[in-house]
Each structure stands twice: as structure tokens, then as C-alpha cells.
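Next comes entry-v3.tsv, a file with TSV, N, CA and C atoms.
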chain	number	residue	atom	x	y	z
V	1	MET	N	20.85	16.44	16.67
V	1	MET	CA	20.84	15.65	15.45
V	1	MET	C	20.94	16.55	14.22
V	2	ILE	N	20.26	17.67	14.25
V	2	ILE	CA	20.27	18.56	13.09
V	2	ILE	C	21.68	19.04	12.78
V	3	GLU	N	22.48	19.28	13.81
V	3	GLU	CA	23.85	19.74	13.59
V	3	GLU	C	24.68	18.68	12.89
V	4	LYS	N	24.51	17.41	13.27
V	4	LYS	CA	25.24	16.31	12.64
V	4	LYS	C	24.81	16.14	11.19
V	5	VAL	N	23.51	16.27	10.93
V	5	VAL	CA	23.00	16.17	9.57
V	5	VAL	C	23.62	17.26	8.70
V	6	ILE	N	23.65	18.48	9.19
V	6	ILE	CA	24.24	19.59	8.45
V	6	ILE	C	25.73	19.36	8.22
V	7	GLU	N	26.40	18.87	9.24
V	7	GLU	CA	27.83	18.59	9.11
V	7	GLU	C	28.10	17.59	7.97
V	8	ILE	N	27.32	16.52	7.92
V	8	ILE	CA	27.49	15.51	6.87
V	8	ILE	C	27.13	16.09	5.51
V	9	LEU	N	26.03	16.82	5.43
V	9	LEU	CA	25.60	17.39	4.16
V	9	LEU	C	26.60	18.41	3.62
V	10	SER	N	27.31	19.08	4.50
V	10	SER	CA	28.25	20.11	4.06
V	10	SER	C	29.37	19.52	3.21
V	11	GLU	N	29.60	18.22	3.33
V	11	GLU	CA	30.61	17.56	2.52
V	11	GLU	C	30.17	17.37	1.07
V	12	PHE	N	28.88	17.56	0.80
V	12	PHE	CA	28.34	17.30	-0.53
V	12	PHE	C	27.89	18.56	-1.28
V	13	THR	N	28.11	19.72	-0.68
V	13	THR	CA	27.65	20.95	-1.29
V	13	THR	C	28.60	22.08	-0.95
V	14	GLU	N	28.52	23.14	-1.72
V	14	GLU	CA	29.33	24.31	-1.42
V	14	GLU	C	28.56	25.32	-0.56
V	15	MET	N	27.30	24.99	-0.26
V	15	MET	CA	26.50	25.86	0.60
V	15	MET	C	27.11	25.92	1.99
V	16	LYS	N	27.18	27.10	2.55
V	16	LYS	CA	27.76	27.26	3.89
V	16	LYS	C	26.81	26.69	4.94
V	17	THR	N	27.38	26.10	5.97
V	17	THR	CA	26.56	25.46	7.00
V	17	THR	C	25.65	26.46	7.69
V	18	GLU	N	26.09	27.70	7.83
V	18	GLU	CA	25.24	28.68	8.49
V	18	GLU	C	24.03	29.08	7.64
V	19	GLN	N	24.02	28.70	6.37
V	19	GLN	CA	22.87	28.96	5.51
V	19	GLN	C	21.87	27.80	5.55
V	20	MET	N	22.27	26.69	6.14
V	20	MET	CA	21.41	25.51	6.18
V	20	MET	C	20.55	25.51	7.44
V	21	ASN	N	19.30	25.06	7.27
V	21	ASN	CA	18.39	24.91	8.40
V	21	ASN	C	17.42	23.77	8.10
V	22	ARG	N	16.49	23.53	8.99
V	22	ARG	CA	15.53	22.41	8.84
V	22	ARG	C	14.77	22.45	7.52
V	23	ASP	N	14.52	23.65	7.00
V	23	ASP	CA	13.70	23.79	5.80
V	23	ASP	C	14.50	23.77	4.50
V	24	THR	N	15.82	23.68	4.59
V	24	THR	CA	16.67	23.67	3.40
V	24	THR	C	16.40	22.39	2.60
V	25	LYS	N	16.10	22.59	1.31
V	25	LYS	CA	15.80	21.47	0.42
V	25	LYS	C	17.09	20.97	-0.23
V	26	LEU	N	17.25	19.65	-0.27
V	26	LEU	CA	18.46	19.05	-0.81
V	26	LEU	C	18.68	19.39	-2.27
V	27	VAL	N	17.64	19.29	-3.06
V	27	VAL	CA	17.77	19.51	-4.51
V	27	VAL	C	17.61	20.99	-4.85
V	28	ALA	N	16.50	21.58	-4.47
V	28	ALA	CA	16.20	22.96	-4.88
V	28	ALA	C	17.15	23.98	-4.28
V	29	ASP	N	17.48	23.84	-3.00
V	29	ASP	CA	18.32	24.83	-2.32
V	29	ASP	C	19.81	24.49	-2.36
V	30	MET	N	20.12	23.22	-2.16
V	30	MET	CA	21.52	22.81	-2.07
V	30	MET	C	22.11	22.42	-3.42
V	31	GLY	N	21.25	22.20	-4.41
V	31	GLY	CA	21.72	21.87	-5.75
V	31	GLY	C	22.20	20.44	-5.92
V	32	LEU	N	21.78	19.54	-5.04
V	32	LEU	CA	22.18	18.15	-5.17
V	32	LEU	C	21.41	17.48	-6.30
V	33	ASN	N	22.07	16.59	-7.02
V	33	ASN	CA	21.37	15.81	-8.05
V	33	ASN	C	21.09	14.41	-7.48
V	34	SER	N	20.48	13.56	-8.28
V	34	SER	CA	20.07	12.25	-7.77
V	34	SER	C	21.28	11.41	-7.35
V	35	PHE	N	22.39	11.52	-8.05
V	35	PHE	CA	23.61	10.80	-7.67
V	35	PHE	C	24.11	11.30	-6.32
V	36	ASP	N	24.08	12.63	-6.12
V	36	ASP	CA	24.50	13.20	-4.85
V	36	ASP	C	23.62	12.69	-3.71
V	37	VAL	N	22.32	12.62	-3.95
V	37	VAL	CA	21.39	12.17	-2.91
V	37	VAL	C	21.70	10.73	-2.51
V	38	VAL	N	22.01	9.89	-3.48
V	38	VAL	CA	22.38	8.51	-3.17
V	38	VAL	C	23.64	8.50	-2.30
V	39	ASN	N	24.62	9.31	-2.64
V	39	ASN	CA	25.85	9.38	-1.84
V	39	ASN	C	25.57	9.90	-0.43
V	40	VAL	N	24.67	10.86	-0.31
V	40	VAL	CA	24.29	11.40	0.99
V	40	VAL	C	23.64	10.30	1.83
V	41	VAL	N	22.75	9.54	1.23
V	41	VAL	CA	22.08	8.46	1.95
V	41	VAL	C	23.10	7.44	2.43
V	42	VAL	N	24.04	7.08	1.58
V	42	VAL	CA	25.09	6.14	1.97
V	42	VAL	C	25.89	6.70	3.14
V	43	ALA	N	26.20	7.98	3.11
V	43	ALA	CA	26.96	8.60	4.20
V	43	ALA	C	26.18	8.52	5.52
V	44	PHE	N	24.88	8.75	5.48
V	44	PHE	CA	24.07	8.65	6.70
V	44	PHE	C	23.97	7.20	7.16
V	45	GLU	N	23.83	6.27	6.23
V	45	GLU	CA	23.77	4.86	6.60
V	45	GLU	C	25.06	4.43	7.30
V	46	GLU	N	26.19	4.86	6.76
V	46	GLU	CA	27.47	4.50	7.37
V	46	GLU	C	27.67	5.18	8.72
V	47	GLU	N	27.32	6.46	8.81
V	47	GLU	CA	27.52	7.21	10.05
V	47	GLU	C	26.68	6.66	11.19
V	48	PHE	N	25.43	6.29	10.89
V	48	PHE	CA	24.50	5.88	11.93
V	48	PHE	C	24.25	4.37	11.96
V	49	ASP	N	24.97	3.62	11.12
V	49	ASP	CA	24.87	2.18	11.07
V	49	ASP	C	23.42	1.71	10.94
V	50	ILE	N	22.74	2.27	9.94
V	50	ILE	CA	21.36	1.88	9.64
V	50	ILE	C	21.24	1.66	8.14
V	51	GLU	N	20.12	1.10	7.73
V	51	GLU	CA	19.81	0.99	6.31
V	51	GLU	C	18.55	1.79	6.05
V	52	ILE	N	18.64	2.72	5.11
V	52	ILE	CA	17.49	3.55	4.76
V	52	ILE	C	16.87	2.93	3.51
V	53	PRO	N	15.64	2.43	3.61
V	53	PRO	CA	15.00	1.78	2.46
V	53	PRO	C	14.73	2.78	1.34
V	54	ASP	N	14.77	2.28	0.11
V	54	ASP	CA	14.56	3.13	-1.06
V	54	ASP	C	13.26	3.92	-0.97
V	55	ARG	N	12.21	3.30	-0.45
V	55	ARG	CA	10.91	3.99	-0.38
V	55	ARG	C	10.95	5.18	0.57
V	56	ALA	N	11.86	5.16	1.53
V	56	ALA	CA	11.98	6.27	2.48
V	56	ALA	C	12.80	7.42	1.91
V	57	ILE	N	13.67	7.13	0.97
V	57	ILE	CA	14.56	8.15	0.44
V	57	ILE	C	13.79	9.29	-0.22
V	58	ARG	N	12.74	8.98	-0.96
V	58	ARG	CA	11.99	10.04	-1.65
V	58	ARG	C	11.31	11.01	-0.68
V	59	ASP	N	11.13	10.61	0.57
V	59	ASP	CA	10.54	11.50	1.57
V	59	ASP	C	11.57	12.39	2.25
V	60	LEU	N	12.85	12.14	2.00
V	60	LEU	CA	13.92	12.91	2.63
V	60	LEU	C	14.30	14.09	1.74
V	61	GLN	N	13.43	15.08	1.69
V	61	GLN	CA	13.62	16.20	0.78
V	61	GLN	C	14.26	17.41	1.44
V	62	THR	N	14.18	17.49	2.77
V	62	THR	CA	14.76	18.63	3.48
V	62	THR	C	15.68	18.13	4.59
V	63	ILE	N	16.48	19.03	5.10
V	63	ILE	CA	17.35	18.68	6.23
V	63	ILE	C	16.51	18.22	7.41
V	64	GLY	N	15.39	18.87	7.64
V	64	GLY	CA	14.50	18.49	8.72
V	64	GLY	C	13.94	17.08	8.55
V	65	ASN	N	13.60	16.73	7.30
V	65	ASN	CA	13.11	15.37	7.03
V	65	ASN	C	14.15	14.32	7.41
V	66	ILE	N	15.41	14.61	7.06
V	66	ILE	CA	16.49	13.68	7.36
V	66	ILE	C	16.68	13.56	8.88
V	67	ALA	N	16.73	14.69	9.56
V	67	ALA	CA	16.92	14.68	11.01
V	67	ALA	C	15.79	13.92	11.70
V	68	ASP	N	14.56	14.17	11.29
V	68	ASP	CA	13.41	13.48	11.88
V	68	ASP	C	13.49	11.97	11.64
V	69	TYR	N	13.84	11.59	10.42
V	69	TYR	CA	13.94	10.16	10.09
V	69	TYR	C	15.01	9.50	10.97
V	70	LEU	N	16.17	10.13	11.03
V	70	LEU	CA	17.25	9.54	11.82
V	70	LEU	C	16.90	9.46	13.30
V	71	GLU	N	16.26	10.49	13.83
V	71	GLU	CA	15.88	10.48	15.24
V	71	GLU	C	14.92	9.34	15.55
V	72	SER	N	14.06	9.00	14.60
V	72	SER	CA	13.09	7.95	14.87
V	72	SER	C	13.61	6.55	14.53
V	73	HIS	N	14.78	6.46	13.88
V	73	HIS	CA	15.29	5.15	13.47
V	73	HIS	C	16.67	4.80	14.04
V	74	VAL	N	17.24	5.69	14.80
V	74	VAL	CA	18.56	5.42	15.38
V	74	VAL	C	18.42	5.15	16.86
What would the structure in this file look like if it were written as C-alpha cells?
Amino acid sequence: MIEKVIEILSEFTEMKTEQMNRDTKLVADMGLNSFDVVNVVVAFEEEFDIEIPDRAIRDLQTIGNIADYLESHV
């Protein structure tokens, strides 16, 4: 799952995939802004055919958070 998360995130940042890991922060490390985060969430919703509630989005701060969320909801 982590590899798929990194693959999708790589479309939204110039950070190299080999620099990304579970602890990489979307905003602080990857430089994503709030608009980018919304687009990232939409990409995950479309890829995995799920709906991520707004209240859950604020907890998705790292690549690991996203992978864990998807593993428990897909």
C-alpha cells in the first residue's frame, strides 16, 4: 500500500519517490498546500473508490497516515 500511496503523491510534488517514506509530511516535507491536499484526497478517493470524510483529512499528515487509513478502509 505504501508504494501505491507514494506513486500517487509523486504526481503532486517534485520530491523524488526515493526520498519519500512513511514519516514524510505532506505539508512540511513535500511542500503541499491546502489546495494540493484536497486534490490528493480526491485522487485517493478515485483510485480506491472510497469517500474520505473531512474530519479524517486533518489526520492524514504523513504518508504513513494515508497508507494506514487506506489499509483500514479499503
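Between atom N of V:Met15 and atom N of V:Met30 the separation is 7.6 Å.
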(request) Could you jot down the atom CA of V:Glu46 to atom C of V:Asp23 separation for me, Å, one decimal place? (result) 23.4 Å
(request) Would you list the contacts of V:His73 as an MDAnalysis selection string, taking every protein, DNA or RNA residue within 8 Å and counting only N, CA and C atoms, but skipping same-chain residues closer than 5 positions in sequence? (result) chainID V and resid 48 50 67:68
(request) Give as a VMD selection string the set of residues within 6 Å of the point (21.7, 12.8, 10.6), where distances use the file's coordinates and all atoms listed in the file. (result) chain V and resid 1 4 to 5 66 to 67 70
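Atom CA of V:Ile2 lies 11.0 Å from atom C of V:Thr17.
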(request) Could you tell me which of V:Phe12, V:Ser72, V:Phe44, V:Gln19 comes closest to V:Gly31 if we count only N, CA and C atoms? (result) V:Phe12
